[in-house]
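Student: Sharing a structure with you now.
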Amino acid sequence: MSSPEEWKKWEGRVDGKFPLRHWLGGSEHSAVFLTERPGHADEKVAIKLIAAGSDADRQLSRWRAAAKLSHPHLMRIYEAGRCQLDGTPLLYFVMEYAEEDLSQILPQRPLAATEVTDLLPPLLDSLSYLHSKGFVHGRIKPSNVHAMGDQLKLSADQIVSSAELNPAPKRRDVYDAPETAAGIVSPAGDVWSIGVTLVAALTQNVAFEGETLRGDPDPPETVPPPFRGIARECLHLDPKRRCSITEIQARLQPAARSVPAEAEAPLPRRRPSKRGPIAAALLAAVVLVGLIIYFSRGKNAPVPATATTEPPAVQTAPQPSPQSRPQTVAPQAAPQTAPAVTPKPAAAQPVASPKKAVASGGEVVHQVLPDVSKSAQHTITGTVKVGVRVEVDPAGKVTASKLTSPGPSKYFAGLALKAAQRWEFSAPVVDGKPTASTWLVQFRFKRTSTQAVPERVTH
């Protein structure tokens with residue numbers, strides 16, 4: 001196939017085991033369609049087609065090996081095989097359907113550090129599982145990090161055995177480790193890919209992509225800790241110098257758990273010093289002498305100590321009480337006559353009531369909440385707040401809208417602005433006539449819900 005449009009022409013074909021219901025996307029080399037498995041019509045699955053080349057048997061063997069793997073953060077492959085469409089020999093595999101991938105989010109906004117803290121653990125867990133089974137992912141990049149409901153999963157179609165030598169050495173982009181150009185695949189290559197993906201997620205691009213890698217690439221200074229340090233340890237040109245998955249997980253734990261006690265753990269390492277027993281003995285001697293002095297003094301001091309501490313407590317209680325009570329009554333008696341002269345401020349309060357009556361007009365008649373995809377919700381940590389100011393005409397329709405506080409995300413700001421434009425209001429009435437009004441609407445995006453709080457602006 002020479003273009004995605006040629007793949008798309010098969011959309012709607014139902015003459016095979018897996019009907020091609022809807023074209024989801026593709027490239028010159030592959031296409032993905034929405035399909036269904038026999039006996040599972042209510043389950044959304046996807047089928048990927050690629051042209052059958054000279055290494056078709058090797059590719060099928062990889063997919064079938066991947067289909068035997070099972071991990072909660074690894075996309076499941078249900079079936080793989082061969083087929084033909086219009087005389088074109090093809091390979092296919094059927095997999096779980098993903099609603100969105102990371103490459104669709106990053107053009108709209110970078111991920112916050114707290115979001116990356118949630119993103120990395122499932123990816124690292126799935127990689128640890130693969131490496132323990134003797135496999136390498138081989139193609140970690142944003143487009144292969146998928147959101148499925150409330151879970152993040154890695155694609156599984158690129159998985160290869162760590163002992164396999166690629167017969168066609170090729171480094172496709174910066175996400176591939178440099179050694180893949182020589183046909184070398186290893187767990188260290190996945191670590192490189194994690195480092196590049198980490199930088200891309202936090203900066204929306206890979207700053208060192210265009211550089212000639214004469215030395216180890218240095219992540220941008222805008223990458224916050226601990227992620228900059230992690231990325232730096234992942235991006236060594238020498239695979240042997242790269243950190244391991246376990247080491248990355250260990251560096252993430254202090255930031256995620258925020259347990260300061262762990263920072264004090266290295267202290268016991270000082271015990272092997274030869275001075276340790278001597279210092280301990282001296283300390284014990286000092287403590288013992290201190291205790292002897294304390295108790296020797298205590299035999300002479302307890303009676304006076306208790307005698308001087310207890311009587312003041314007894315004497316101070318009765319003495320202030322007879323004097324303080326008459327003194328507190330006298331000041332309160334005098335002010336009580338003064339407020340008697342101040343009914344005027346109380347009488348002045350009703351004067352403000354007409355203004356309140358004017359400001360109370362107008363209500364929200366129709367409220368529209370932004371439509372946030374589940375995958376976008378999963379990227380939220382805490383609350384994303386967006387403020388929108390809307391101008392409303394006497395008919396209650398929004399005539400203009402403007403962001404007052406866009407928040408950290410252009411994506412959520414755009415959703416809030418579009419939603420606010422569809423709100424409807426009942427206009428406030430002044431002198432018997434409906435008038436224009438101004439409202440502030442604060443949208444609060446959370447992982448589990450979206451809320452809106454309207455407030456009318458009074459001039």
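Labeling convention for the structure tokens: chains A, B, ... as they appear, residues from 1 per chain, ligands from 1 in order of appearance.
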Write out as a ChimeraX atom specification the residues lying within 7 Å of His137 in chain A, counting only C-alpha atoms and excluding same-chain residues fewer than 4 positions away.
Tutor: /A:158-160,190
Student: May I have all residues of range 33-250 of chain A that DSSP, computed from the backbone, assigns to strand (DSSP E), given as a ChimeraX atom specification?
Tutor: /A:33-37,40-51,77-85,88-96,100-101,135-136,145-148,151-154,160-161
Student: Using only C-alpha atoms, pick whichever of A:Lys68, A:Arg139, A:Lys170, A:Lys133 has the shortest atom-to-atom distance to Gly189 in chain A.
Tutor: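 The answer is A:Arg139, which sits nearest to Gly189 in chain A.
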Student: Of the residues A:Ala65, A:Gly16, A:Ala201, A:Ala376, which is the one nearest to Gln151 in chain A, using only C-alpha atoms?
Tutor: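 Closest residue, counting only C-alpha atoms: A:Ala376.
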Student: Can you work out the spacing between CA of Gln59 in chain A and CA of Ala177 in chain A in Å, to one decimal?
Tutor: 21.0 Å
